[in-house]
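Data file: entry.cif. Format and content: mmCIF, C-alpha atoms and all ligand atoms.
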data_run
#
loop_
_atom_site.group_PDB
_atom_site.id
_atom_site.type_symbol
_atom_site.label_atom_id
_atom_site.label_comp_id
_atom_site.auth_asym_id
_atom_site.auth_seq_id
_atom_site.Cartn_x
_atom_site.Cartn_y
_atom_site.Cartn_z
ATOM 1 C CA MET A 1 176.173 -1.931 10.913
ATOM 2 C CA MET A 2 179.571 -3.489 11.261
ATOM 3 C CA PRO A 3 182.006 -1.909 13.748
ATOM 4 C CA PRO A 4 184.796 -0.044 11.931
ATOM 5 C CA LEU A 5 187.549 -2.426 13.027
ATOM 6 C CA HIS A 6 185.674 -5.487 11.751
ATOM 7 C CA ARG A 7 184.981 -3.726 8.499
ATOM 8 C CA PHE A 8 188.647 -2.851 8.191
ATOM 9 C CA VAL A 9 189.743 -6.433 8.897
ATOM 10 C CA LEU A 10 187.225 -7.782 6.412
ATOM 11 C CA LEU A 11 188.415 -5.398 3.715
ATOM 12 C CA LEU A 12 191.990 -6.324 4.484
ATOM 13 C CA CYS A 13 191.210 -10.032 4.102
ATOM 14 C CA LEU A 14 189.322 -9.505 0.896
ATOM 15 C CA SER A 15 192.132 -7.443 -0.541
ATOM 16 C CA ILE A 16 194.959 -9.791 0.444
ATOM 17 C CA LEU A 17 193.459 -13.220 -0.102
ATOM 18 C CA PRO A 18 193.062 -13.132 -3.878
ATOM 19 C CA LEU A 19 196.607 -11.824 -4.320
ATOM 20 C CA THR A 20 198.614 -14.104 -2.100
ATOM 21 C CA GLY A 21 196.262 -16.844 -1.067
ATOM 22 C CA ARG A 22 197.546 -16.264 2.435
ATOM 23 C CA ALA A 23 195.354 -17.671 5.177
ATOM 24 C CA ALA A 24 195.201 -16.200 8.654
ATOM 25 C CA ALA A 25 198.081 -17.036 10.981
ATOM 26 C CA LEU A 26 197.950 -20.511 12.503
ATOM 27 C CA PRO A 27 196.467 -20.229 16.014
ATOM 28 C CA VAL A 28 198.543 -22.212 18.529
ATOM 29 C CA ALA A 29 198.802 -22.373 22.308
ATOM 30 C CA VAL A 30 201.668 -22.922 24.754
ATOM 31 C CA SER A 31 201.823 -23.346 28.514
ATOM 32 C CA ILE A 32 204.467 -20.814 29.595
ATOM 33 C CA PRO A 33 205.860 -17.521 28.224
ATOM 34 C CA PRO A 34 209.327 -18.721 27.078
ATOM 35 C CA GLN A 35 207.609 -21.209 24.753
ATOM 36 C CA ALA A 36 205.866 -18.309 23.032
ATOM 37 C CA HIS A 37 209.327 -16.984 22.219
ATOM 38 C CA PHE A 38 210.351 -20.344 20.711
ATOM 39 C CA VAL A 39 207.226 -20.684 18.585
ATOM 40 C CA LYS A 40 207.302 -17.075 17.430
ATOM 41 C CA ALA A 41 211.006 -17.294 16.604
ATOM 42 C CA ILE A 42 210.326 -20.281 14.352
ATOM 43 C CA GLY A 43 206.867 -19.434 13.033
ATOM 44 C CA GLY A 44 207.086 -15.646 12.754
ATOM 45 C CA GLU A 45 204.081 -14.087 11.033
ATOM 46 C CA HIS A 46 202.626 -17.498 10.186
ATOM 47 C CA VAL A 47 201.676 -18.247 13.789
ATOM 48 C CA ASP A 48 199.539 -16.605 16.414
ATOM 49 C CA VAL A 49 200.609 -17.756 19.903
ATOM 50 C CA GLN A 50 198.497 -17.855 23.028
ATOM 51 C CA VAL A 51 200.179 -18.374 26.447
ATOM 52 C CA MET A 52 198.077 -20.226 29.016
ATOM 53 C CA VAL A 53 200.067 -19.376 32.181
ATOM 54 C CA PRO A 54 200.875 -15.651 32.238
ATOM 55 C CA ALA A 55 204.299 -14.354 33.244
ATOM 56 C CA ASN A 56 203.695 -13.643 36.914
ATOM 57 C CA ALA A 57 201.276 -16.425 37.746
ATOM 58 C CA GLU A 58 202.201 -19.252 40.060
ATOM 59 C CA PRO A 59 202.504 -21.956 37.411
ATOM 60 C CA VAL A 60 201.333 -24.885 39.519
ATOM 61 C CA THR A 61 198.019 -23.464 40.698
ATOM 62 C CA TYR A 62 197.070 -21.132 37.847
ATOM 63 C CA GLU A 63 193.549 -21.485 36.403
ATOM 64 C CA PRO A 64 192.881 -20.206 32.873
ATOM 65 C CA THR A 65 190.237 -17.506 32.495
ATOM 66 C CA PRO A 66 187.042 -17.994 30.448
ATOM 67 C CA ARG A 67 188.513 -15.635 27.853
ATOM 68 C CA GLN A 68 191.603 -17.844 27.566
ATOM 69 C CA MET A 69 189.417 -20.931 27.253
ATOM 70 C CA ALA A 70 187.453 -19.265 24.460
ATOM 71 C CA ALA A 71 190.642 -18.373 22.594
ATOM 72 C CA LEU A 72 191.952 -21.879 23.130
ATOM 73 C CA SER A 73 188.934 -23.342 21.345
ATOM 74 C CA GLN A 74 190.406 -21.859 18.120
ATOM 75 C CA ALA A 75 193.904 -23.295 18.573
ATOM 76 C CA ARG A 76 195.129 -25.877 16.070
ATOM 77 C CA LEU A 77 198.194 -26.959 18.067
ATOM 78 C CA TYR A 78 199.097 -27.101 21.730
ATOM 79 C CA PHE A 79 202.802 -27.250 22.513
ATOM 80 C CA ALA A 80 203.118 -29.164 25.770
ATOM 81 C CA ILE A 81 206.363 -28.880 27.744
ATOM 82 C CA GLY A 82 205.577 -31.107 30.730
ATOM 83 C CA VAL A 83 204.996 -28.474 33.419
ATOM 84 C CA PRO A 84 202.719 -29.546 36.303
ATOM 85 C CA PHE A 85 200.002 -27.147 35.090
ATOM 86 C CA GLU A 86 199.436 -29.435 32.096
ATOM 87 C CA GLN A 87 198.596 -32.510 34.147
ATOM 88 C CA GLY A 88 195.216 -31.182 35.208
ATOM 89 C CA TRP A 89 194.456 -28.826 32.347
ATOM 90 C CA LEU A 90 195.649 -30.434 29.147
ATOM 91 C CA PRO A 91 192.960 -33.158 29.145
ATOM 92 C CA ARG A 92 190.337 -30.454 29.622
ATOM 93 C CA PHE A 93 191.809 -28.315 26.833
ATOM 94 C CA GLN A 94 191.798 -31.332 24.569
ATOM 95 C CA ALA A 95 188.193 -32.160 25.495
ATOM 96 C CA ALA A 96 187.127 -28.579 24.770
ATOM 97 C CA ASN A 97 188.789 -28.553 21.337
ATOM 98 C CA ALA A 98 188.812 -31.865 19.493
ATOM 99 C CA ASP A 99 190.495 -30.267 16.455
ATOM 100 C CA MET A 100 193.557 -29.306 18.441
ATOM 101 C CA THR A 101 196.661 -31.491 18.176
ATOM 102 C CA THR A 102 198.821 -31.694 21.271
ATOM 103 C CA VAL A 103 202.539 -31.704 20.501
ATOM 104 C CA ASP A 104 204.841 -33.167 23.131
ATOM 105 C CA THR A 105 207.882 -30.918 22.736
ATOM 106 C CA ILE A 106 209.906 -32.926 25.264
ATOM 107 C CA ALA A 107 209.364 -36.313 23.637
ATOM 108 C CA ASN A 108 213.094 -36.479 22.818
ATOM 109 C CA ILE A 109 214.284 -35.172 26.168
ATOM 110 C CA ARG A 110 215.278 -37.296 29.145
ATOM 111 C CA ARG A 111 214.563 -35.193 32.190
ATOM 112 C CA HIS A 112 216.698 -35.267 35.309
ATOM 113 C CA PRO A 113 215.211 -35.937 38.708
ATOM 114 C CA MET A 114 214.168 -32.778 40.524
ATOM 115 C CA GLY A 115 217.271 -31.294 42.171
ATOM 116 C CA SER A 116 217.403 -31.472 45.913
ATOM 117 C CA HIS A 117 219.043 -29.056 48.325
ATOM 118 C CA ASP A 118 220.817 -32.112 49.712
ATOM 119 C CA ASP A 119 223.748 -32.047 47.372
ATOM 120 C CA HIS A 120 226.289 -33.773 49.585
ATOM 121 C CA ALA A 121 225.965 -37.043 47.753
ATOM 122 C CA GLY A 122 227.587 -35.162 44.885
ATOM 123 C CA HIS A 123 224.516 -35.945 42.859
ATOM 124 C CA ASP A 124 220.799 -35.493 43.031
ATOM 125 C CA SER A 125 219.483 -37.532 45.897
ATOM 126 C CA GLY A 126 216.342 -38.011 43.845
ATOM 127 C CA GLY A 127 214.614 -38.302 47.201
ATOM 128 C CA HIS A 128 211.450 -36.582 46.152
ATOM 129 C CA GLY A 129 210.833 -38.302 42.885
ATOM 130 C CA GLY A 130 209.428 -36.560 39.868
ATOM 131 C CA ALA A 131 211.308 -35.246 36.862
ATOM 132 C CA ASP A 132 212.572 -31.670 36.817
ATOM 133 C CA PRO A 133 210.214 -29.829 34.415
ATOM 134 C CA HIS A 134 212.387 -26.708 33.881
ATOM 135 C CA VAL A 135 213.718 -27.896 30.515
ATOM 136 C CA TRP A 136 213.460 -24.439 28.939
ATOM 137 C CA LEU A 137 216.481 -23.210 30.910
ATOM 138 C CA SER A 138 219.025 -25.304 29.007
ATOM 139 C CA PRO A 139 220.070 -24.153 25.523
ATOM 140 C CA ALA A 140 220.713 -27.737 24.397
ATOM 141 C CA LEU A 141 217.241 -28.833 25.493
ATOM 142 C CA VAL A 142 215.616 -25.759 23.955
ATOM 143 C CA ARG A 143 217.171 -26.735 20.646
ATOM 144 C CA LEU A 144 215.467 -30.141 20.899
ATOM 145 C CA GLN A 145 212.143 -28.460 21.696
ATOM 146 C CA ALA A 146 212.681 -26.170 18.708
ATOM 147 C CA GLU A 147 212.962 -29.209 16.424
ATOM 148 C CA SER A 148 209.635 -30.579 17.698
ATOM 149 C CA ILE A 149 208.016 -27.178 17.228
ATOM 150 C CA ARG A 150 209.382 -26.803 13.690
ATOM 151 C CA ASP A 151 208.223 -30.276 12.653
ATOM 152 C CA ALA A 152 204.734 -29.796 14.111
ATOM 153 C CA LEU A 153 204.311 -26.405 12.419
ATOM 154 C CA ILE A 154 205.322 -27.907 9.091
ATOM 155 C CA ARG A 155 202.860 -30.789 9.512
ATOM 156 C CA ALA A 156 200.020 -28.428 10.418
ATOM 157 C CA ASP A 157 200.848 -25.791 7.798
ATOM 158 C CA PRO A 158 202.982 -27.325 5.024
ATOM 159 C CA ASP A 159 202.492 -24.286 2.760
ATOM 160 C CA HIS A 160 204.933 -22.367 4.934
ATOM 161 C CA ALA A 161 207.481 -25.124 5.427
ATOM 162 C CA ARG A 162 210.261 -22.975 3.997
ATOM 163 C CA GLY A 163 209.509 -20.181 6.439
ATOM 164 C CA TYR A 164 209.530 -22.616 9.361
ATOM 165 C CA HIS A 165 212.867 -24.073 8.297
ATOM 166 C CA GLN A 166 214.335 -20.588 8.019
ATOM 167 C CA GLY A 167 212.885 -19.516 11.363
ATOM 168 C CA PHE A 168 214.315 -22.621 12.973
ATOM 169 C CA ARG A 169 217.793 -21.944 11.612
ATOM 170 C CA ARG A 170 217.661 -18.333 12.802
ATOM 171 C CA PHE A 171 216.489 -19.437 16.226
ATOM 172 C CA VAL A 172 219.234 -22.050 16.536
ATOM 173 C CA ALA A 173 221.784 -19.309 15.802
ATOM 174 C CA GLN A 174 220.152 -17.200 18.505
ATOM 175 C CA ILE A 175 220.303 -20.086 21.010
ATOM 176 C CA HIS A 176 223.928 -20.672 20.141
ATOM 177 C CA SER A 177 225.037 -17.086 20.632
ATOM 178 C CA ALA A 178 223.165 -16.773 23.932
ATOM 179 C CA ASP A 179 224.819 -19.998 25.078
ATOM 180 C CA GLU A 180 228.291 -18.766 24.093
ATOM 181 C CA ALA A 181 227.775 -15.430 25.828
ATOM 182 C CA ILE A 182 226.596 -17.072 29.043
ATOM 183 C CA LEU A 183 229.426 -19.597 28.967
ATOM 184 C CA ALA A 184 231.951 -16.775 28.555
ATOM 185 C CA SER A 185 230.424 -14.652 31.302
ATOM 186 C CA LEU A 186 230.528 -17.493 33.839
ATOM 187 C CA ALA A 187 233.812 -19.028 32.730
ATOM 188 C CA ASP A 188 236.099 -17.360 35.243
ATOM 189 C CA LEU A 189 234.007 -18.015 38.361
ATOM 190 C CA PRO A 190 236.301 -20.068 40.611
ATOM 191 C CA ALA A 191 235.238 -23.580 41.570
ATOM 192 C CA ASP A 192 234.343 -22.610 45.125
ATOM 193 C CA SER A 193 232.046 -19.772 43.967
ATOM 194 C CA ARG A 194 229.745 -21.888 41.828
ATOM 195 C CA ARG A 195 227.131 -22.818 44.382
ATOM 196 C CA PHE A 196 223.912 -20.818 44.701
ATOM 197 C CA LEU A 197 220.802 -20.995 46.873
ATOM 198 C CA VAL A 198 217.348 -20.455 45.340
ATOM 199 C CA PHE A 199 213.858 -20.662 46.762
ATOM 200 C CA HIS A 200 212.299 -22.853 44.049
ATOM 201 C CA PRO A 201 214.703 -25.263 42.301
ATOM 202 C CA ALA A 202 214.063 -24.038 38.760
ATOM 203 C CA PHE A 203 217.690 -23.790 37.674
ATOM 204 C CA GLY A 204 218.906 -27.387 37.721
ATOM 205 C CA TYR A 205 219.365 -27.589 33.941
ATOM 206 C CA PHE A 206 220.856 -24.105 33.824
ATOM 207 C CA ALA A 207 223.333 -25.079 36.545
ATOM 208 C CA ARG A 208 224.294 -28.295 34.721
ATOM 209 C CA SER A 209 224.792 -26.411 31.470
ATOM 210 C CA TYR A 210 227.258 -23.990 33.014
ATOM 211 C CA GLY A 211 229.016 -25.938 35.754
ATOM 212 C CA LEU A 212 227.115 -24.373 38.648
ATOM 213 C CA GLU A 213 225.503 -26.040 41.630
ATOM 214 C CA GLN A 214 221.966 -25.292 42.759
ATOM 215 C CA MET A 215 220.729 -25.572 46.328
ATOM 216 C CA ALA A 216 217.022 -25.022 47.011
ATOM 217 C CA ILE A 217 214.943 -23.917 49.975
ATOM 218 C CA GLU A 218 211.654 -25.354 48.785
ATOM 219 C CA THR A 219 211.293 -29.118 48.924
ATOM 220 C CA GLU A 220 208.555 -31.107 47.237
ATOM 221 C CA GLY A 221 206.841 -27.881 46.287
ATOM 222 C CA LYS A 222 206.452 -26.794 49.910
ATOM 223 C CA GLU A 223 208.005 -24.121 52.073
ATOM 224 C CA PRO A 224 210.271 -25.787 54.633
ATOM 225 C CA GLY A 225 209.222 -26.174 58.254
ATOM 226 C CA PRO A 226 211.288 -24.680 61.100
ATOM 227 C CA ARG A 227 213.658 -27.651 61.408
ATOM 228 C CA GLU A 228 214.289 -27.809 57.693
ATOM 229 C CA LEU A 229 214.775 -24.040 57.634
ATOM 230 C CA ALA A 230 217.419 -24.285 60.361
ATOM 231 C CA ARG A 231 219.196 -27.060 58.471
ATOM 232 C CA ILE A 232 219.279 -25.062 55.236
ATOM 233 C CA THR A 233 220.481 -21.991 57.108
ATOM 234 C CA ASP A 234 223.349 -23.993 58.621
ATOM 235 C CA GLU A 235 224.237 -25.430 55.262
ATOM 236 C CA ALA A 236 224.159 -21.992 53.637
ATOM 237 C CA ARG A 237 226.482 -20.693 56.368
ATOM 238 C CA SER A 238 228.855 -23.603 55.991
ATOM 239 C CA HIS A 239 229.111 -22.899 52.261
ATOM 240 C CA GLY A 240 229.649 -19.187 52.793
ATOM 241 C CA ILE A 241 226.440 -18.338 50.938
ATOM 242 C CA ARG A 242 225.630 -14.620 51.098
ATOM 243 C CA VAL A 243 222.854 -14.315 48.525
ATOM 244 C CA ILE A 244 219.483 -16.021 48.277
ATOM 245 C CA PHE A 245 217.659 -16.001 44.982
ATOM 246 C CA ILE A 246 213.904 -15.823 44.739
ATOM 247 C CA GLU A 247 211.599 -16.195 41.743
ATOM 248 C CA PRO A 248 208.867 -13.605 41.176
ATOM 249 C CA GLN A 249 206.264 -16.385 40.908
ATOM 250 C CA PHE A 250 206.780 -17.758 44.418
ATOM 251 C CA ALA A 251 206.204 -16.640 47.988
ATOM 252 C CA GLN A 252 209.310 -15.297 49.660
ATOM 253 C CA GLY A 253 208.837 -15.835 53.399
ATOM 254 C CA ALA A 254 211.361 -18.635 53.875
ATOM 255 C CA ALA A 255 213.954 -16.941 51.673
ATOM 256 C CA ARG A 256 213.689 -13.728 53.697
ATOM 257 C CA THR A 257 214.006 -15.672 56.952
ATOM 258 C CA ILE A 258 217.180 -17.403 55.836
ATOM 259 C CA ALA A 259 218.582 -14.165 54.417
ATOM 260 C CA ARG A 260 218.065 -12.553 57.815
ATOM 261 C CA GLU A 261 219.739 -15.459 59.605
ATOM 262 C CA ILE A 262 222.849 -15.333 57.455
ATOM 263 C CA ASN A 263 222.840 -11.522 57.064
ATOM 264 C CA GLY A 264 222.531 -12.139 53.391
ATOM 265 C CA GLU A 265 220.879 -10.459 50.480
ATOM 266 C CA VAL A 266 217.815 -11.452 48.453
ATOM 267 C CA LEU A 267 217.970 -11.128 44.663
ATOM 268 C CA THR A 268 215.476 -12.089 41.961
ATOM 269 C CA LEU A 269 215.972 -14.590 39.141
ATOM 270 C CA ASP A 270 213.078 -14.979 36.700
ATOM 271 C CA PRO A 271 212.874 -18.413 35.060
ATOM 272 C CA LEU A 272 209.769 -17.496 33.038
ATOM 273 C CA ALA A 273 210.767 -14.388 31.076
ATOM 274 C CA ARG A 274 208.948 -14.313 27.754
ATOM 275 C CA ASP A 275 212.020 -13.011 25.950
ATOM 276 C CA TRP A 276 213.947 -16.218 26.476
ATOM 277 C CA THR A 277 217.298 -15.000 25.179
ATOM 278 C CA ALA A 278 217.254 -11.880 27.338
ATOM 279 C CA GLY A 279 215.933 -13.899 30.285
ATOM 280 C CA MET A 280 218.781 -16.441 30.061
ATOM 281 C CA ARG A 281 221.366 -13.683 29.837
ATOM 282 C CA ALA A 282 219.796 -11.881 32.788
ATOM 283 C CA ILE A 283 219.992 -15.042 34.901
ATOM 284 C CA ALA A 284 223.683 -15.388 34.013
ATOM 285 C CA VAL A 285 224.465 -11.729 34.756
ATOM 286 C CA THR A 286 222.707 -11.811 38.127
ATOM 287 C CA LEU A 287 224.384 -15.079 39.140
ATOM 288 C CA ARG A 288 227.769 -13.885 37.988
ATOM 289 C CA GLU A 289 227.572 -10.628 39.895
ATOM 290 C CA ALA A 290 226.313 -12.337 43.024
ATOM 291 C CA LEU A 291 228.793 -15.229 43.009
ATOM 292 C CA ALA A 292 231.935 -13.377 41.941
ATOM 293 C CA PRO A 293 234.435 -13.525 44.809
ATOM 294 C CA ASP A 294 235.298 -9.814 44.401
ATOM 295 C CA ARG A 295 231.725 -8.901 45.305
ATOM 296 C CA PRO A 296 231.486 -6.819 48.478
ATOM 297 C CA GLN A 297 230.767 -9.146 51.382
ATOM 298 C CA GLY A 298 227.666 -9.023 53.524
ATOM 299 C CA PRO A 299 227.484 -6.870 56.640
ATOM 300 C CA SER A 300 228.310 -9.496 59.252
ATOM 301 C CA ASN A 301 231.432 -10.644 57.492
ATOM 302 C CA ASN A 302 233.030 -7.335 56.755
ATOM 303 C CA ALA A 303 231.332 -4.334 58.268
ATOM 304 C CA SER A 304 233.505 -1.864 56.408
ATOM 305 C CA SER A 305 232.590 -3.057 52.920
ATOM 306 C CA PRO A 306 230.222 -1.031 50.736
ATOM 307 C CA GLN A 307 226.640 -1.932 51.562
ATOM 308 C CA ALA A 308 224.653 0.598 49.623
ATOM 309 C CA HIS A 309 222.928 -2.022 47.470
ATOM 310 C CA MET A 310 222.658 -4.699 50.146
ATOM 311 C CA ALA A 311 219.331 -5.669 51.640
ATOM 312 C CA GLN A 312 219.012 -4.070 55.054
ATOM 313 C CA PRO A 313 219.685 -6.701 57.702
ATOM 314 C CA HIS A 314 216.637 -7.037 59.868
ATOM 315 C CA VAL A 315 217.352 -6.052 63.467
ATOM 316 C CA GLU A 316 215.624 -8.394 65.878
ATOM 317 C CA PRO A 317 213.995 -6.571 68.802
HETATM 318 ZN ZN ZN A 401 209.196 -24.361 38.620
#

Could you write out this file's structure as structure tokens?
Amino acid sequence: MMPPLHRFVLLLCLSILPLTGRAAALPVAVSIPPQAHFVKAIGGEHVDVQVMVPANAEPVTYEPTPRQMAALSQARLYFAIGVPFEQGWLPRFQAANADMTTVDTIANIRRHPMGSHDDHAGHDSGGHGGADPHVWLSPALVRLQAESIRDALIRADPDHARGYHQGFRRFVAQIHSADEAILASLADLPADSRRFLVFHPAFGYFARSYGLEQMAIETEGKEPGPRELARITDEARSHGIRVIFIEPQFAQGAARTIAREINGEVLTLDPLARDWTAGMRAIAVTLREALAPDRPQGPSNNASSPQAHMAQPHVEP
């Protein structure tokens, strides 16, 4: 006897198919959560999206579960975005599912070198090679990815080409209004308040898009050693940095140490929010509030300022 849900689904298929000829949604896979937003925005009900690296996983070391691998064997398309996770796994995904087409959504994007904390050259030092993979945090680059996604969906499922074109246009409008809102919210930050310190340098493209400057604690994917930590702490002090941003996906030890040294505060920025539009706006709001010069200063600088929402400075014994 068939379980009730299966019976229901079967009946549903039988009742819909003859009327509309509609096939099941196109099963596709993406690497990271924001891509699911892009594909869903464009494909709507015609696509069924599977994310390989879940929201809170460390994207470099994550290993897909057997359940994910099973689901992946049904996927028709894989939208690659060039994150390090794909280097090891994509060949295996492809080997496990010969019918799956891999779409390079950054084929038309020239990536910048990975940003370095050493910004004194006025430019990326490029010292630790490798392209910056965080291309989903720039509205202009997301628009380019959206074009690749639209074209691949149309090739794989031409019956719904009209829907994909419409979805694309709606999504572009969404990208545009998020971009405008972020631009407006950051517009009046003075030039000397546009530098921020993050643990993992995920916000290079975001910073470029909005005239901000990113400094990072992590170098070459590693936590800094004691000497490096001291150097970054000095640099943070010299730039009057009072806030250190961490990402939920990464360890926080070094960030906390530096925060303690500069009597600063630790705040979270999430580069991997699945709701991309909301995630981008949240990044802008958090940065704006933290960088605005009228923000209450940290405890060591002005002991009389309001501190209710400040991280408690750690008192060394
Ligand atoms: Zn990253």

*Selection: 7 Å around range 94-111 of chain A, all atoms listed in the file, excl. self and same-chain fewer than 2 positions, as a count of residues only*: 17

*Hey, which residues come within 8 Å of ligand ZN 401 (chain A) if we count all atoms listed in the file? Could you give them as a list of chain:residue names?*
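So the residues close to ligand ZN 401 (chain A) are A:Pro59, A:Val60, A:Val83, A:Pro133, A:His134, A:His200, A:Pro201, A:Ala202, A:Pro271.
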
Report the residues retrieved by the PyMOL selection byres (((chain A and resi 85) around 10) and not hetatm) from the displayed file, expressed as a PDB file with C-alpha atoms, in the coordinates of the input.
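Below is the file part-v8.pdb, written as the result:
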ATOM      1  CA  SER A  31     201.823 -23.346  28.514  1.00  0.00           C
ATOM      2  CA  ILE A  32     204.467 -20.814  29.595  1.00  0.00           C
ATOM      3  CA  MET A  52     198.077 -20.226  29.016  1.00  0.00           C
ATOM      4  CA  VAL A  53     200.067 -19.376  32.181  1.00  0.00           C
ATOM      5  CA  GLU A  58     202.201 -19.252  40.060  1.00  0.00           C
ATOM      6  CA  PRO A  59     202.504 -21.956  37.411  1.00  0.00           C
ATOM      7  CA  VAL A  60     201.333 -24.885  39.519  1.00  0.00           C
ATOM      8  CA  THR A  61     198.019 -23.464  40.698  1.00  0.00           C
ATOM      9  CA  TYR A  62     197.070 -21.132  37.847  1.00  0.00           C
ATOM     10  CA  GLU A  63     193.549 -21.485  36.403  1.00  0.00           C
ATOM     11  CA  ILE A  81     206.363 -28.880  27.744  1.00  0.00           C
ATOM     12  CA  GLY A  82     205.577 -31.107  30.730  1.00  0.00           C
ATOM     13  CA  VAL A  83     204.996 -28.474  33.419  1.00  0.00           C
ATOM     14  CA  PRO A  84     202.719 -29.546  36.303  1.00  0.00           C
ATOM     15  CA  GLU A  86     199.436 -29.435  32.096  1.00  0.00           C
ATOM     16  CA  GLN A  87     198.596 -32.510  34.147  1.00  0.00           C
ATOM     17  CA  GLY A  88     195.216 -31.182  35.208  1.00  0.00           C
ATOM     18  CA  TRP A  89     194.456 -28.826  32.347  1.00  0.00           C
ATOM     19  CA  LEU A  90     195.649 -30.434  29.147  1.00  0.00           C
TER      20      LEU A  90
END

For Ile246 in chain A: contacts at 10 Å, all atoms listed in the file, fewer than 6 positions along chain excluded, given as a PDB file with C-alpha atoms, keeping the file's coordinate frame:
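Now in around_7.pdb:
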ATOM      1  CA  LEU A 197     220.802 -20.995  46.873  1.00  0.00           C
ATOM      2  CA  VAL A 198     217.348 -20.455  45.340  1.00  0.00           C
ATOM      3  CA  PHE A 199     213.858 -20.662  46.762  1.00  0.00           C
ATOM      4  CA  HIS A 200     212.299 -22.853  44.049  1.00  0.00           C
ATOM      5  CA  PRO A 201     214.703 -25.263  42.301  1.00  0.00           C
ATOM      6  CA  ALA A 216     217.022 -25.022  47.011  1.00  0.00           C
ATOM      7  CA  ILE A 217     214.943 -23.917  49.975  1.00  0.00           C
ATOM      8  CA  GLN A 252     209.310 -15.297  49.660  1.00  0.00           C
ATOM      9  CA  ALA A 254     211.361 -18.635  53.875  1.00  0.00           C
ATOM     10  CA  ALA A 255     213.954 -16.941  51.673  1.00  0.00           C
ATOM     11  CA  ARG A 256     213.689 -13.728  53.697  1.00  0.00           C
ATOM     12  CA  VAL A 266     217.815 -11.452  48.453  1.00  0.00           C
ATOM     13  CA  LEU A 267     217.970 -11.128  44.663  1.00  0.00           C
ATOM     14  CA  THR A 268     215.476 -12.089  41.961  1.00  0.00           C
ATOM     15  CA  LEU A 269     215.972 -14.590  39.141  1.00  0.00           C
ATOM     16  CA  ASP A 270     213.078 -14.979  36.700  1.00  0.00           C
TER      17      ASP A 270
END

*Point-to-point distance from CA of Gln214 in chain A to CA of Val243 in chain A, Å rounded to tenths*: 12.4 Å

*Within 8 Å of Asp48 in chain A, counting all atoms listed in the file, which residues qualify if same-chain residues fewer than 6 places away don't, as a list of chain:residue names?*
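Skipping anything fewer than 6 positions along the chain leaves A:Ala25, A:Leu26, A:Pro27, A:Val28, A:Lys40.
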
*Compile the contact shell of range 190-192 of chain A as a list of chain:residue names: residues with an atom at most 12 Å away, counting all atoms listed in the file, same-chain residues fewer than 4 positions apart removed.*
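Listed by chain and then number, they are A:Leu186, A:Phe196, A:Tyr210, A:Gly211, A:Leu212, A:Glu213, A:His239, A:Gly240, A:Ile241, A:Arg288, A:Leu291, A:Ala292, A:Pro293, A:Asp294.
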
Let's have the selection written as a PDB file, in the coordinates of the input, with C-alpha atoms.
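Written file, part-v4.pdb:
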ATOM      1  CA  LEU A 186     230.528 -17.493  33.839  1.00  0.00           C
ATOM      2  CA  PHE A 196     223.912 -20.818  44.701  1.00  0.00           C
ATOM      3  CA  TYR A 210     227.258 -23.990  33.014  1.00  0.00           C
ATOM      4  CA  GLY A 211     229.016 -25.938  35.754  1.00  0.00           C
ATOM      5  CA  LEU A 212     227.115 -24.373  38.648  1.00  0.00           C
ATOM      6  CA  GLU A 213     225.503 -26.040  41.630  1.00  0.00           C
ATOM      7  CA  HIS A 239     229.111 -22.899  52.261  1.00  0.00           C
ATOM      8  CA  GLY A 240     229.649 -19.187  52.793  1.00  0.00           C
ATOM      9  CA  ILE A 241     226.440 -18.338  50.938  1.00  0.00           C
ATOM     10  CA  ARG A 288     227.769 -13.885  37.988  1.00  0.00           C
ATOM     11  CA  LEU A 291     228.793 -15.229  43.009  1.00  0.00           C
ATOM     12  CA  ALA A 292     231.935 -13.377  41.941  1.00  0.00           C
ATOM     13  CA  PRO A 293     234.435 -13.525  44.809  1.00  0.00           C
ATOM     14  CA  ASP A 294     235.298  -9.814  44.401  1.00  0.00           C
TER      15      ASP A 294
END

_Separation of CA of Ser138 in chain A from CA of Pro248 in chain A, in Å and rounded to one decimal_ = 19.7 Å

*Just give me the gap between CA of Ala57 in chain A and CA of Gln249 in chain A in Å, one decimal is fine.*
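If I compute the distance from CA of Ala57 in chain A to CA of Gln249 in chain A, I get 5.9 Å.
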
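Shortest atom-to-atom contact with Pro54 in chain A among A:Ala36, A:Ala290, A:Ala178, A:Ala173: A:Ala36, counting all atoms listed in the file.
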
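Of the listed residues A:Val285, A:Ala146, A:Ile42, A:Ala55, the one whose atoms come nearest to His160 in chain A is A:Ile42, with distances taken using only C-alpha atoms.
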
*So which one's closest to Val135 in chain A, A:Tyr205, A:Gly253, A:Gly44, A:Phe93? Using all atoms listed in the file, please.*
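Smallest distance to Val135 in chain A is found for A:Tyr205.
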
*Mind telling me what the PyMOL selection byres (((chain A and resi 277) around 12) and not hetatm) catches here, as a PyMOL selection string?*
chain A and resi 34-35+37-38+41+136-139+142+171-182+271-276+278-284

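Each of A:Ile262, A:Ala71, A:Ala187, A:Ala152 was checked against His165 in chain A using all atoms listed in the file; the smallest atom-to-atom distance is that of A:Ala152.
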